[in-house]
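To start, the structure under review is shown below, and the notes come after it.
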Amino acid sequence: MKPKEATDARENRMPAGAGAVRYTASDEVKRRGVRRMKTIATGFLVAATIIYILTSWALRAGAGPWAGYVQAGAEAGMVGALADWFAVTALFRRPLGLPIPHTAIIPTKKDAFGVSLGTFVGENFLSVEVVRVRLAALGVGRRVGLWLSAPGSAEKVTREASAALRGALAVLRDEDVQAVVGEAVTRRAAAQPIAQPIGRMLARIVDEGGHRGVVDLCVVRAHDWLVEHREQVVQTISEEAPGWTPKFIDNQIGVRVYKELLRFATEVRDDPGHAARGAVDSFLADFADELRNDPETIARIERAKADLLARSEVQDLIASAWSAVRGMVLEAAEDEDSQLRVRMRDGIRSFGSRLATDTKMQAKVDGWLEDAAEYVVDTYRGEITSLISETVAGWDADDASRKIEANVGRDLQFIRINGTVVGAIAGLLIHTVSTLV
């Protein structure tokens, strides 16, 4: 491999490791521009040197006073060019390879620059006052409201939110979610007493007469069942009679009992003030009171709840609820005309319209953002600034120097050109003043 090719390969290598500075093809293009500018700046120095040599020869040959003026300008231009060449070169490497103090500043002071940069960013960009003032000036709440209320924005947000929801549901494992949901529901239900809340609810229902419709339904169904199953009732009663009684007497007893049952059911059905209905009211009221105040009843209900939650059928029901919910949500998220997406679009559009015009809501949103930004700045300022300093410290010194030179070196070469021109002008002026004096 030729020396130049080896150098180019070394300069274009991609350093391994996170945070390493990378010398890219774009940097190589910029480096070629820097080389052209170096050639031009060096050309100014060479031109000043040639002019100085020629004017020095002209003075010895007896040329007029003009040669002294030109020589002074050329000499000063040489000095300025060399001084600025030294200054620019000293930023990136040691001039002529000499171990001159305070040269190769970027490679040798890289870590200190990283610490200083991190401190500068932390003090001037990550201060609470700066962040709050900047956010307040931006008016984020109003801008977000205007964007959300603009045509197409609500649809875009809904579409992206639906895609994110589908992605999240696709990533989640059903068995994991079912286990979490089952545990959460079971733990919450086990920790939440139910006897007293049920007692309060039942007492309120009884006080308001809300149970009477259920009682009416039960009584009507009992009466209709007796009418439809007369033979079965009579036979059942007859079979329960003592074995020593005649069969026809057993049948008469069955018919008699059936008639009494039917009469009782009919009276309860038709009479809202029947004593049996009152007995039901009293039973429910007493039971509601026991659920609220009787420790033994409360304990029995809680034990029954625990036994119910422990049954595999209940756990399977809780687990299957996730599959049903997941399927419904996925279907709704994929269908643009589903109620989920329609309501989401309408809600986003309505929220955006209100946010765009309601100054109180804008102030509230801006306040939330400022508080969140203040928390982030206060909590993570050290991590952010240390990220800068640690990243810079992880750079290879030579690669970082080459990359920085490739990006800013072209402008720095103008310093050399300006140094040559300004030096020449200054030398000419100094020579002129000295001659006149």
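For the structure tokens, the naming scheme is as follows: chains receive sequential letters (A, B, ...) according to their order of presentation, residues are indexed from 1 within each chain, and ligands are indexed from 1 in presentation order.
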
Report the closest atom pair, with its distance in Å rounded to one decimal, for each residue of segment 63-138 of chain A that has an atom no farther than 12 Å from segment 351-368 of chain A; count only C-alpha atoms, sort by chain and then rising residue number, and write it as a tab-separated table.
residue	atom	partner	partner_atom	distance
A:Val131	CA	A:Asp366	CA	11.9
A:Arg132	CA	A:Gly367	CA	9.1
A:Val133	CA	A:Asp366	CA	11.0
A:Arg134	CA	A:Asp366	CA	11.1
A:Leu135	CA	A:Asp366	CA	7.5
A:Ala136	CA	A:Asp366	CA	6.9
A:Ala137	CA	A:Asp366	CA	10.0
A:Leu138	CA	A:Asp366	CA	9.3

Now that the selection is made, can you save its residues with N, CA, C and O atoms as a CSV table (one decimal), in the first residue's frame?
chain,number,residue,atom,x,y,z
A,131,VAL,N,-34.8,27.6,30.6
A,131,VAL,CA,-35.8,26.7,30.0
A,131,VAL,C,-37.2,27.2,30.1
A,131,VAL,O,-38.0,27.2,29.2
A,132,ARG,N,-37.6,27.8,31.3
A,132,ARG,CA,-38.9,28.3,31.5
A,132,ARG,C,-39.2,29.5,30.6
A,132,ARG,O,-40.3,29.6,30.0
A,133,VAL,N,-38.2,30.4,30.5
A,133,VAL,CA,-38.4,31.6,29.7
A,133,VAL,C,-38.6,31.2,28.3
A,133,VAL,O,-39.5,31.7,27.5
A,134,ARG,N,-37.8,30.2,27.8
A,134,ARG,CA,-37.9,29.8,26.4
A,134,ARG,C,-39.2,29.1,26.1
A,134,ARG,O,-39.9,29.4,25.1
A,135,LEU,N,-39.7,28.3,27.0
A,135,LEU,CA,-40.9,27.6,26.8
A,135,LEU,C,-42.1,28.6,26.8
A,135,LEU,O,-43.1,28.4,26.1
A,136,ALA,N,-42.0,29.5,27.8
A,136,ALA,CA,-43.1,30.5,27.8
A,136,ALA,C,-43.2,31.3,26.6
A,136,ALA,O,-44.2,31.7,26.1
A,137,ALA,N,-42.0,31.7,26.0
A,137,ALA,CA,-42.0,32.5,24.8
A,137,ALA,C,-42.5,31.7,23.6
A,137,ALA,O,-43.1,32.3,22.7
A,138,LEU,N,-42.3,30.4,23.6
A,138,LEU,CA,-42.8,29.6,22.5
A,138,LEU,C,-44.3,29.5,22.4
A,138,LEU,O,-44.9,29.3,21.3

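Of note, atom CA of Asp174 of chain A and atom CA of Leu330 of chain A are spaced 13.4 Å apart.
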
Would you give me, as a PyMOL selection string, the residues in segment 195-258 of chain A that DSSP reads as alpha helix (DSSP H)? chain A and resi 195-208+212-228+230-239+247-258

Selection: 12 Å around Trp66 of chain A, only C-alpha atoms, excl. self and same-chain fewer than 2 positions, as an NGL selection string: :A and (55-56 or 58-59 or 62-64 or 68-73 or 428 or 431-432 or 435)

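Here atom CA of Asn251 of chain A stands at a distance of 27.9 Å from atom CA of Cys218 of chain A.
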
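Each of A:Gly114, A:Gly347, A:Gly77, A:Pro65 was checked against Val392 of chain A using only C-alpha atoms; the smallest atom-to-atom distance is that of A:Gly114.
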
For Ala426 of chain A, which of A:Gly382, A:Gly254, A:Gly33, A:Gly80 is the closest residue, counting only C-alpha atoms? A:Gly80

If you count only C-alpha atoms, which residues fall within 10 Å of Arg221 of chain A, apart from same-chain ones fewer than 6 positions away, as a ChimeraX atom specification? /A:215,227,265,269

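Considering only C-alpha atoms, the residue among A:Leu126, A:Ala333, A:Leu317, A:Met78 positioned nearest to Ala164 of chain A is A:Ala333.
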
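Shortest atom-to-atom contact with Thr379 of chain A among A:Met37, A:Val128, A:Ala81, A:Ala25: A:Val128, counting only C-alpha atoms.
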
When you look at Gly209 of chain A with a cut-off of 12 Å (counting only C-alpha atoms), what residues show up, excluding the ones that are within fewer than 3 positions of it in the same chain? I need them as a PyMOL selection string. chain A and resi 202-206+212-216+272+277-278+280-281+284-285

Looking at A:Leu369, A:Ile415, A:Ala324, A:Ala112, which one is nearest to Ala83 of chain A, with distances taken over only C-alpha atoms? A:Ile415

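The coordinates place atom CA of Ile298 of chain A at 5.4 Å from atom CA of Ala195 of chain A.
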
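Nearest residue to Val130 of chain A, choosing from A:Ala90, A:Leu98, A:Ile253, A:Val377 and counting only C-alpha atoms: A:Val377.
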
Thr108 of chain A surroundings by only C-alpha atoms, 10 Å radius, close-in-sequence under 3 positions cut, as number ranges by chain: A: 91-93, 102-105, 111-113, 397-398, 401

Would you put the residues from that selection into a file with all heavy atoms, as a short mmCIF file (atom, residue, chain, number, x, y, z; two decimals), in the first residue's frame?
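Just written: selection_19.cif:
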data_model
loop_
_atom_site.label_atom_id
_atom_site.label_comp_id
_atom_site.auth_asym_id
_atom_site.auth_seq_id
_atom_site.Cartn_x
_atom_site.Cartn_y
_atom_site.Cartn_z
N LEU A 91 -3.34 24.71 16.70
CA LEU A 91 -4.61 24.23 17.21
C LEU A 91 -4.73 22.71 17.05
O LEU A 91 -5.29 22.03 17.92
CB LEU A 91 -5.78 24.90 16.47
CG LEU A 91 -6.04 26.37 16.77
CD1 LEU A 91 -7.11 26.90 15.82
CD2 LEU A 91 -6.47 26.55 18.21
N PHE A 92 -4.21 22.16 15.98
CA PHE A 92 -4.45 20.76 15.63
C PHE A 92 -3.23 19.86 15.79
O PHE A 92 -3.37 18.65 15.94
CB PHE A 92 -4.96 20.67 14.18
CG PHE A 92 -6.16 21.52 13.93
CD1 PHE A 92 -6.04 22.74 13.26
CD2 PHE A 92 -7.41 21.14 14.38
CE1 PHE A 92 -7.16 23.53 13.02
CE2 PHE A 92 -8.53 21.93 14.15
CZ PHE A 92 -8.40 23.13 13.48
N ARG A 93 -2.02 20.42 15.69
CA ARG A 93 -0.82 19.58 15.76
C ARG A 93 0.36 20.45 16.19
O ARG A 93 0.21 21.67 16.31
CB ARG A 93 -0.54 18.92 14.41
CG ARG A 93 -0.29 19.91 13.28
CD ARG A 93 -0.21 19.21 11.94
NE ARG A 93 -1.46 18.55 11.61
CZ ARG A 93 -2.50 19.18 11.02
NH1 ARG A 93 -2.39 20.47 10.71
NH2 ARG A 93 -3.60 18.55 10.77
N HIS A 102 2.18 24.64 24.51
CA HIS A 102 0.89 25.21 24.12
C HIS A 102 0.62 25.06 22.63
O HIS A 102 0.05 25.95 21.99
CB HIS A 102 0.78 26.68 24.54
CG HIS A 102 1.00 26.90 26.00
ND1 HIS A 102 0.12 26.45 26.96
CD2 HIS A 102 2.02 27.51 26.66
CE1 HIS A 102 0.59 26.79 28.16
NE2 HIS A 102 1.74 27.42 28.01
N THR A 103 1.04 23.95 22.07
CA THR A 103 0.67 23.62 20.69
C THR A 103 -0.07 22.28 20.71
O THR A 103 -0.16 21.61 21.74
CB THR A 103 1.92 23.52 19.80
OG1 THR A 103 2.82 22.55 20.35
CG2 THR A 103 2.63 24.86 19.69
N ALA A 104 -0.64 21.88 19.54
CA ALA A 104 -1.53 20.71 19.46
C ALA A 104 -2.60 20.80 20.54
O ALA A 104 -2.84 19.87 21.32
CB ALA A 104 -0.72 19.42 19.60
N ILE A 105 -3.24 21.96 20.57
CA ILE A 105 -4.15 22.29 21.67
C ILE A 105 -5.35 21.33 21.70
O ILE A 105 -5.72 20.82 22.77
CB ILE A 105 -4.61 23.74 21.55
CG1 ILE A 105 -3.41 24.68 21.75
CG2 ILE A 105 -5.71 24.05 22.56
CD1 ILE A 105 -3.73 26.13 21.51
N ASP A 111 -10.04 16.53 26.57
CA ASP A 111 -10.85 16.19 27.74
C ASP A 111 -11.26 17.42 28.52
O ASP A 111 -12.41 17.53 28.99
CB ASP A 111 -10.09 15.23 28.65
CG ASP A 111 -9.84 13.88 27.98
OD1 ASP A 111 -10.42 13.64 26.90
OD2 ASP A 111 -9.05 13.09 28.53
N ALA A 112 -10.35 18.37 28.64
CA ALA A 112 -10.67 19.62 29.34
C ALA A 112 -11.74 20.40 28.58
O ALA A 112 -12.64 20.99 29.18
CB ALA A 112 -9.41 20.47 29.52
N PHE A 113 -11.64 20.38 27.23
CA PHE A 113 -12.67 21.04 26.43
C PHE A 113 -14.02 20.39 26.65
O PHE A 113 -15.05 21.07 26.73
CB PHE A 113 -12.30 20.96 24.94
CG PHE A 113 -11.15 21.84 24.55
CD1 PHE A 113 -10.39 21.56 23.42
CD2 PHE A 113 -10.82 22.95 25.31
CE1 PHE A 113 -9.33 22.37 23.06
CE2 PHE A 113 -9.74 23.77 24.95
CZ PHE A 113 -9.00 23.48 23.83
N ALA A 397 -8.06 11.25 20.08
CA ALA A 397 -7.57 12.63 19.96
C ALA A 397 -7.25 12.99 18.52
O ALA A 397 -7.63 14.06 18.03
CB ALA A 397 -6.35 12.82 20.87
N ASP A 398 -6.55 12.11 17.80
CA ASP A 398 -6.17 12.41 16.42
C ASP A 398 -7.38 12.46 15.50
O ASP A 398 -7.49 13.35 14.65
CB ASP A 398 -5.17 11.36 15.92
CG ASP A 398 -3.84 11.44 16.66
OD1 ASP A 398 -3.53 12.54 17.18
OD2 ASP A 398 -3.14 10.42 16.72
N SER A 401 -9.29 15.64 16.20
CA SER A 401 -8.59 16.79 15.64
C SER A 401 -8.79 16.88 14.14
O SER A 401 -9.05 17.96 13.60
CB SER A 401 -7.10 16.69 15.97
OG SER A 401 -6.39 17.79 15.43
#
